[in-house]
$ cat protein-v8.txt   # compact mmCIF, C-alpha atoms
# COMPACT_ATOMS: atom_id res chain seq x y z
CA THR A 216 2.58 1.31 18.14
CA GLY A 217 1.16 -1.31 20.49
CA LEU A 218 -1.17 1.15 22.22
CA GLY A 219 -2.16 2.60 18.86
CA THR A 220 -2.90 -0.89 17.55
CA LEU A 221 -5.32 -1.54 20.41
CA VAL A 222 -7.22 1.58 19.33
CA ARG A 223 -6.92 1.15 15.56
CA ALA A 224 -5.78 -2.28 14.43
CA ASN A 225 -4.41 -1.04 11.09
CA LEU A 226 -1.56 0.66 12.96
CA MET A 227 -0.16 -2.82 13.51
CA VAL A 228 1.77 -2.48 10.24
CA PHE A 229 3.68 0.63 11.33
CA PRO A 230 6.84 -1.26 12.40
CA PHE A 231 7.14 -2.03 8.68
CA PHE A 232 8.11 1.59 8.17
CA PHE A 233 11.02 1.16 10.59
CA PHE A 234 12.07 -1.76 8.40
CA LEU A 235 11.64 0.34 5.25
CA TYR A 236 13.82 3.07 6.74
CA ALA A 237 16.49 0.51 7.62
CA LEU A 238 16.52 -0.89 4.08
CA MET A 239 16.77 2.54 2.46
CA ASN A 240 19.39 3.86 4.86
CA ARG A 241 22.02 1.20 4.24
CA GLY A 242 24.63 3.09 6.22
CA ARG A 243 22.56 2.39 9.33
CA LEU A 244 21.04 -0.95 8.29
CA GLY A 245 22.10 -2.83 11.42
CA LYS A 246 20.86 -0.12 13.76
CA GLY A 247 17.65 0.21 11.77
CA LEU A 248 16.95 -3.52 11.99
CA GLN A 249 17.54 -3.37 15.74
CA HIS A 250 15.02 -0.54 16.04
CA THR A 251 12.54 -2.53 13.94
CA ALA A 252 12.93 -5.59 16.16
CA ILE A 253 12.47 -3.48 19.30
CA ALA A 254 9.34 -1.84 17.86
CA ILE A 255 7.82 -5.20 16.92
CA ALA A 256 8.69 -6.74 20.29
CA ALA A 257 7.20 -3.79 22.19
CA MET A 258 4.04 -3.93 20.09
CA VAL A 259 3.66 -7.68 20.64
CA LEU A 260 4.13 -7.31 24.40
CA VAL A 261 1.36 -4.70 24.53
CA VAL A 262 -1.08 -6.46 22.20
CA LEU A 263 -0.45 -10.09 23.20
CA PRO A 264 -2.51 -10.09 26.44
CA TRP A 265 -5.54 -8.86 24.51
CA SER A 266 -4.94 -11.41 21.74
CA MET A 267 -4.74 -14.17 24.36
CA ARG A 268 -8.02 -12.96 25.84
CA ASN A 269 -9.58 -13.13 22.37
CA TYR A 270 -8.30 -16.67 21.86
CA SER A 271 -9.78 -17.78 25.17
CA ILE A 272 -13.17 -16.45 24.07
CA PHE A 273 -13.29 -17.33 20.37
CA GLY A 274 -11.05 -20.39 20.26
CA GLU A 275 -9.23 -18.84 17.30
CA PHE A 276 -6.49 -16.25 16.94
CA VAL A 277 -7.93 -12.73 16.77
CA ALA A 278 -5.16 -10.17 17.08
CA VAL A 279 -7.27 -7.21 18.19
CA SER A 280 -10.92 -7.04 17.13
CA THR A 281 -13.68 -8.63 15.07
CA ASN A 282 -15.29 -5.48 13.69
CA GLY A 283 -13.05 -5.10 10.63
CA GLY A 284 -15.50 -6.91 8.37
CA SER A 285 -18.39 -4.74 9.51
CA ASN A 286 -16.36 -1.58 8.95
CA LEU A 287 -15.29 -2.71 5.50
CA TYR A 288 -18.80 -3.68 4.40
CA ARG A 289 -20.49 -0.54 5.75
CA SER A 290 -17.86 1.43 3.84
CA ASN A 291 -18.31 -0.49 0.58
CA ASN A 292 -21.90 -1.24 -0.38
CA PRO A 293 -24.64 0.50 -2.42
CA ASN A 294 -25.69 2.57 0.62
CA ALA A 295 -22.18 3.74 1.54
CA THR A 296 -21.70 7.51 1.74
CA GLY A 297 -17.94 7.67 2.21
CA THR A 298 -18.25 8.44 5.90
CA TYR A 299 -19.83 6.61 8.84
CA THR A 300 -23.07 4.75 8.12
CA GLU A 301 -24.88 2.67 10.70
CA ARG A 302 -25.59 -0.27 8.37
CA GLY A 303 -25.15 -1.39 4.79
CA GLU A 304 -27.63 -2.54 2.18
CA ARG A 305 -27.73 -6.07 3.59
CA ASP A 306 -28.36 -6.86 7.23
CA LEU A 307 -25.00 -7.91 8.62
CA ASP A 308 -26.21 -7.65 12.21
CA GLN A 309 -28.07 -10.95 11.85
CA TYR A 310 -24.68 -12.61 12.39
CA LEU A 311 -23.76 -10.71 15.55
CA HIS A 312 -24.44 -13.81 17.64
CA ASP A 313 -21.20 -15.20 16.14
CA GLU A 314 -18.58 -12.45 15.96
CA LEU A 315 -16.18 -14.44 13.80
CA LEU A 316 -18.92 -15.20 11.27
CA TRP A 317 -20.04 -11.57 11.46
CA ASP A 318 -16.51 -10.42 10.66
CA GLU A 319 -15.97 -13.00 7.91
CA THR A 320 -19.31 -12.25 6.24
CA GLY A 321 -18.68 -8.50 6.29
CA ASN A 322 -15.32 -8.96 4.58
CA ALA A 323 -16.85 -11.29 1.99
CA TRP A 324 -19.76 -8.97 1.17
CA ALA A 325 -17.45 -5.96 0.88
CA LYS A 326 -15.05 -7.77 -1.46
CA GLU A 327 -18.00 -9.02 -3.52
CA TRP A 328 -19.32 -5.47 -3.99
CA ILE A 329 -15.88 -3.98 -4.74
CA LEU A 330 -15.05 -6.61 -7.37
CA GLY A 331 -18.52 -6.38 -8.90
CA ASN A 332 -18.64 -2.57 -8.96
CA PRO A 333 -15.11 -1.27 -9.61
CA GLY A 334 -16.32 2.03 -11.07
CA ASP A 335 -18.58 2.79 -8.10
CA PHE A 336 -15.79 1.76 -5.75
CA LEU A 337 -13.34 4.21 -7.34
CA GLN A 338 -15.89 7.03 -7.20
CA LEU A 339 -16.58 6.25 -3.56
CA SER A 340 -12.84 6.16 -2.82
CA ALA A 341 -12.44 9.62 -4.35
CA LYS A 342 -15.27 10.88 -2.14
CA LYS A 343 -13.59 9.35 0.92
CA LEU A 344 -10.36 11.15 0.06
CA ARG A 345 -12.22 14.47 -0.18
CA ILE A 346 -13.74 13.83 3.24
CA PHE A 347 -10.39 12.74 4.69
CA MET A 348 -8.35 15.69 3.46
CA GLY A 349 -10.93 18.32 2.48
CA GLU A 350 -11.53 20.12 5.76
CA ASP A 351 -10.28 20.47 9.31
CA ASN A 352 -13.20 21.85 11.30
CA THR A 353 -13.77 18.78 13.46
CA GLY A 354 -12.66 20.70 16.54
CA VAL A 355 -15.22 23.41 15.85
CA LYS A 356 -18.01 20.88 15.29
CA TRP A 357 -17.38 19.01 18.52
CA SER A 358 -16.71 22.15 20.57
CA MET A 359 -19.94 23.80 19.43
CA LYS A 360 -22.06 20.65 19.60
CA GLY A 361 -25.02 21.14 21.91
CA HIS A 362 -24.54 24.91 22.20
CA ASP A 363 -27.36 27.40 21.85
CA LYS A 364 -28.67 27.76 18.31
CA ASN A 365 -27.86 31.49 18.49
CA ALA A 366 -24.21 30.46 18.19
CA GLY A 367 -24.83 29.65 14.52
CA LEU A 368 -22.97 32.72 13.26
CA LEU A 369 -20.01 32.04 15.54
CA TYR A 370 -19.97 28.45 14.32
CA GLU A 371 -19.93 29.57 10.69
CA LEU A 372 -17.13 32.06 11.34
CA LEU A 373 -14.99 29.51 13.16
CA SER A 374 -15.64 26.91 10.45
CA ALA A 375 -14.63 29.41 7.77
CA PHE A 376 -11.45 30.24 9.67
CA SER A 377 -10.65 26.53 10.02
CA THR A 378 -11.18 26.02 6.30
CA LEU A 379 -8.93 28.95 5.37
CA TRP A 380 -6.24 27.70 7.76
CA TRP A 381 -6.49 24.21 6.29
CA MET A 382 -6.24 25.50 2.71
CA GLY A 383 -3.17 27.52 3.68
CA ILE A 384 -1.54 24.44 5.22
CA TRP A 385 -2.22 22.48 2.04
CA VAL A 386 -0.61 25.15 -0.12
CA LEU A 387 2.52 25.05 2.04
CA VAL A 388 2.53 21.23 2.05
CA LEU A 389 2.30 21.04 -1.73
CA VAL A 390 5.04 23.65 -2.18
CA GLY A 391 7.22 21.78 0.31
CA LEU A 392 6.66 18.42 -1.39
CA ILE A 393 7.44 19.87 -4.80
CA ARG A 394 10.45 21.87 -3.68
CA TRP A 395 11.98 18.98 -1.75
CA ARG A 396 10.67 16.18 -3.98
CA ASP A 397 14.11 14.59 -4.26
CA TYR A 398 14.30 14.38 -0.47
CA PHE A 399 10.91 12.68 -0.13
CA ALA A 400 11.53 10.39 -3.10
CA GLY A 401 15.12 9.35 -2.46
CA SER A 402 15.96 10.05 1.17
CA ALA A 403 15.40 7.21 3.64
CA LEU A 404 13.81 9.44 6.28
CA GLY A 405 11.86 11.55 3.80
CA ALA A 406 10.45 8.54 1.96
CA THR A 407 9.55 6.80 5.22
CA LEU A 408 7.63 9.85 6.44
CA LEU A 409 5.83 10.19 3.11
CA TYR A 410 4.90 6.51 2.79
CA SER A 411 3.67 6.28 6.39
CA ALA A 412 1.31 9.19 5.70
CA LEU A 413 0.18 7.75 2.37
CA PHE A 414 -0.59 4.46 4.09
CA LEU A 415 -3.32 6.10 6.17
CA VAL A 416 -4.59 7.97 3.11
CA VAL A 417 -5.00 4.66 1.27
CA ILE A 418 -6.65 2.98 4.29
CA HIS A 419 -9.30 5.68 4.50
CA SER A 420 -9.95 5.59 0.77
CA VAL A 421 -11.16 2.01 1.32
CA TYR A 422 -12.66 2.14 4.81
CA GLU A 423 -14.94 4.91 6.06
CA SER A 424 -13.49 8.39 6.20
CA GLN A 425 -13.91 11.39 8.48
CA PRO A 426 -11.93 14.65 8.69
CA ARG A 427 -10.63 13.74 12.17
CA TYR A 428 -8.95 10.64 10.75
CA HIS A 429 -6.22 12.77 9.17
CA MET A 430 -4.92 13.85 12.58
CA PRO A 431 -2.27 11.06 12.74
CA ILE A 432 -0.57 12.46 9.64
CA MET A 433 -0.57 16.07 10.85
CA ALA A 434 3.03 15.72 12.07
CA VAL A 435 4.21 14.79 8.56
CA MET A 436 2.13 17.63 7.11
CA ALA A 437 3.70 20.07 9.58
CA ILE A 438 7.18 19.00 8.45
CA ALA A 439 6.25 19.40 4.78
CA ALA A 440 4.55 22.76 5.45
CA SER A 441 7.72 24.13 7.05
CA LEU A 442 10.00 23.19 4.15
CA PRO A 443 9.08 26.11 1.85
CA PHE A 444 10.84 28.32 4.41
CA SER A 445 13.92 26.10 4.66
CA THR A 446 17.14 27.04 2.90
CA ARG A 447 18.88 23.76 3.73
CA GLN A 448 18.21 20.19 2.70
CA PRO A 449 16.69 18.27 5.65
CA GLU A 450 19.38 16.12 7.21
CA GLU A 451 19.15 12.44 8.00
CA VAL A 452 19.00 11.37 11.63
CA LYS A 453 22.47 10.77 13.04
CA ASP A 454 23.45 8.36 15.78
$ encode --input "protein-v8.txt" --output "structure tokens"
Amino acid sequence: TGLGTLVRANLMVFPFFFFLYALMNRGRLGKGLQHTAIAIAAMVLVVLPWSMRNYSIFGEFVAVSTNGGSNLYRSNNPNATGTYTERGERDLDQYLHDELLWDETGNAWAKEWILGNPGDFLQLSAKKLRIFMGEDNTGVKWSMKGHDKNAGLLYELLSAFSTLWWMGIWVLVLVGLIRWRDYFAGSALGATLLYSALFLVVIHSVYESQPRYHMPIMAVMAIAASLPFSTRQPEEVKD
């Protein structure tokens, strides 16, 4: 979690899901709380040196980075497309000389637009969800990038295959979630897996979205996709 946090600061909340699991699995509450404490301590040990570096530079506590406001504003303004955009309607870069002000202003402008345009925000969020979960051909795009233009047909074929594969995975995931809905709704492990995946879905319905951003939840999707073939209820983790 600590290493992940240094790459994507929103992963800092993931120890919460250890805590959630501990609360739901009361038979292992003590052990679960121990695991939560260990996860938090390990994350702090990894992130703390970088946070101390930030404090020495900015004179204020900055856990990881100062680009959250920029990301939020570029993702929520009249020019936002749902995916990466270089800049928003207003020029936020004028504040780059002061990173804390840059971050604070970006957050303020984004919140101002969201609160003033709730309908547009919801439409944009729906578009971000389609981008996040709608396709899985990122590997093809990056692998074929820069290749000869004559590879266009091969690119289209590989993209089509990726899309068919992704649609098939989604069918299996939905069947698995429906068939084992009681497990994901009431089981400590099942609910923790589901909520941890939904957390990233929600994050990328607010911030910018790209198909590659769904990769962290692929493990949960793989579990759900395998359940239509299971004849036994998934078991809880045992000590």
$ closest_residue --input "protein-v8.txt" --among "A:Phe336, A:Trp324, A:Phe276, A:Tyr398" --to "Ala439 in chain A" --atoms "only C-alpha atoms"
A:Tyr398
$ atom_distance --input "protein-v8.txt" --atom1 "CA of Arg302 in chain A" --atom2 "CA of Arg289 in chain A"
5.7 Å
$ atom_distance --input "protein-v8.txt" --atom1 "CA of Arg241 in chain A" --atom2 "CA of Pro443 in chain A"
28.2 Å
$ atom_distance --input "protein-v8.txt" --atom1 "CA of Arg305 in chain A" --atom2 "CA of Tyr270 in chain A"
28.7 Å
$ residues_around --input "protein-v8.txt" --residues "Gly331 in chain A" --least-positions-apart "5" --cutoff "12 Å" --atoms "all atoms listed in the file" --output "ChimeraX atom specification"
/A:291-293,324-326,336-337
$ closest_residue --input "protein-v8.txt" --among "A:Gln249, A:Gly274, A:Ser374, A:Tyr288" --to "Thr353 in chain A" --atoms "all atoms listed in the file"
A:Ser374
$ closest_residue --input "protein-v8.txt" --among "A:Ser411, A:Thr296, A:Asn286, A:Asn269" --to "Ile346 in chain A" --atoms "all atoms listed in the file"
A:Thr296
$ residues_around --input "protein-v8.txt" --residues "Arg268 in chain A" --least-positions-apart "4" --cutoff "12 Å" --atoms "only C-alpha atoms" --output "PyMOL selection string"
chain A and resi 262-264+272-280
$ write_last_selection --input "protein-v8.txt" --atoms "C-alpha atoms" --output "PDB file, in the frame of the given file"
ATOM      1  CA  VAL A 262      -1.080  -6.460  22.200  1.00  0.00           C
ATOM      2  CA  LEU A 263      -0.450 -10.090  23.200  1.00  0.00           C
ATOM      3  CA  PRO A 264      -2.510 -10.090  26.440  1.00  0.00           C
ATOM      4  CA  ILE A 272     -13.170 -16.450  24.070  1.00  0.00           C
ATOM      5  CA  PHE A 273     -13.290 -17.330  20.370  1.00  0.00           C
ATOM      6  CA  GLY A 274     -11.050 -20.390  20.260  1.00  0.00           C
ATOM      7  CA  GLU A 275      -9.230 -18.840  17.300  1.00  0.00           C
ATOM      8  CA  PHE A 276      -6.490 -16.250  16.940  1.00  0.00           C
ATOM      9  CA  VAL A 277      -7.930 -12.730  16.770  1.00  0.00           C
ATOM     10  CA  ALA A 278      -5.160 -10.170  17.080  1.00  0.00           C
ATOM     11  CA  VAL A 279      -7.270  -7.210  18.190  1.00  0.00           C
ATOM     12  CA  SER A 280     -10.920  -7.040  17.130  1.00  0.00           C
TER      13      SER A 280
END
$ closest_residue --input "protein-v8.txt" --among "A:Asn352, A:Ser420, A:Asn282, A:Thr216" --to "Leu315 in chain A" --atoms "only C-alpha atoms"
A:Asn282
$ closest_residue --input "protein-v8.txt" --among "A:Leu369, A:Met348, A:Leu404, A:Gln338" --to "Ile384 in chain A" --atoms "only C-alpha atoms"
A:Met348
$ residues_around --input "protein-v8.txt" --residues "Val259 in chain A" --least-positions-apart "3" --cutoff "12 Å" --atoms "all atoms listed in the file" --output "PyMOL selection string"
chain A and resi 216-221+227-228+230+252-256+262-267+278-279
$ write_last_selection --input "protein-v8.txt" --atoms "C-alpha atoms" --output "CSV table (one decimal), in the frame of the given file"
chain,number,residue,atom,x,y,z
A,216,THR,CA,2.6,1.3,18.1
A,217,GLY,CA,1.2,-1.3,20.5
A,218,LEU,CA,-1.2,1.2,22.2
A,219,GLY,CA,-2.2,2.6,18.9
A,220,THR,CA,-2.9,-0.9,17.6
A,221,LEU,CA,-5.3,-1.5,20.4
A,227,MET,CA,-0.2,-2.8,13.5
A,228,VAL,CA,1.8,-2.5,10.2
A,230,PRO,CA,6.8,-1.3,12.4
A,252,ALA,CA,12.9,-5.6,16.2
A,253,ILE,CA,12.5,-3.5,19.3
A,254,ALA,CA,9.3,-1.8,17.9
A,255,ILE,CA,7.8,-5.2,16.9
A,256,ALA,CA,8.7,-6.7,20.3
A,262,VAL,CA,-1.1,-6.5,22.2
A,263,LEU,CA,-0.4,-10.1,23.2
A,264,PRO,CA,-2.5,-10.1,26.4
A,265,TRP,CA,-5.5,-8.9,24.5
A,266,SER,CA,-4.9,-11.4,21.7
A,267,MET,CA,-4.7,-14.2,24.4
A,278,ALA,CA,-5.2,-10.2,17.1
A,279,VAL,CA,-7.3,-7.2,18.2
$ residues_around --input "protein-v8.txt" --residues "Tyr410 in chain A" --least-positions-apart "5" --cutoff "9 Å" --atoms "all atoms listed in the file" --output "ChimeraX atom specification"
/A:232,405,415
$ closest_residue --input "protein-v8.txt" --among "A:Gly367, A:Gly284, A:Pro431, A:Gly383" --to "Asp308 in chain A" --atoms "all atoms listed in the file"
A:Gly284
$ residues_around --input "protein-v8.txt" --residues "Ala341 in chain A" --least-positions-apart "5" --cutoff "12 Å" --atoms "all atoms listed in the file" --output "PDB file with C-alpha atoms, in the coordinates of the input"
ATOM      1  CA  THR A 296     -21.700   7.510   1.740  1.00  0.00           C
ATOM      2  CA  GLY A 297     -17.940   7.670   2.210  1.00  0.00           C
ATOM      3  CA  THR A 298     -18.250   8.440   5.900  1.00  0.00           C
ATOM      4  CA  GLY A 334     -16.320   2.030 -11.070  1.00  0.00           C
ATOM      5  CA  ASP A 335     -18.580   2.790  -8.100  1.00  0.00           C
ATOM      6  CA  PHE A 336     -15.790   1.760  -5.750  1.00  0.00           C
ATOM      7  CA  ILE A 346     -13.740  13.830   3.240  1.00  0.00           C
ATOM      8  CA  PHE A 347     -10.390  12.740   4.690  1.00  0.00           C
ATOM      9  CA  MET A 348      -8.350  15.690   3.460  1.00  0.00           C
ATOM     10  CA  GLY A 349     -10.930  18.320   2.480  1.00  0.00           C
ATOM     11  CA  VAL A 416      -4.590   7.970   3.110  1.00  0.00           C
ATOM     12  CA  VAL A 417      -5.000   4.660   1.270  1.00  0.00           C
ATOM     13  CA  HIS A 419      -9.300   5.680   4.500  1.00  0.00           C
ATOM     14  CA  SER A 420      -9.950   5.590   0.770  1.00  0.00           C
ATOM     15  CA  VAL A 421     -11.160   2.010   1.320  1.00  0.00           C
ATOM     16  CA  TYR A 422     -12.660   2.140   4.810  1.00  0.00           C
ATOM     17  CA  GLU A 423     -14.940   4.910   6.060  1.00  0.00           C
ATOM     18  CA  SER A 424     -13.490   8.390   6.200  1.00  0.00           C
TER      19      SER A 424
END
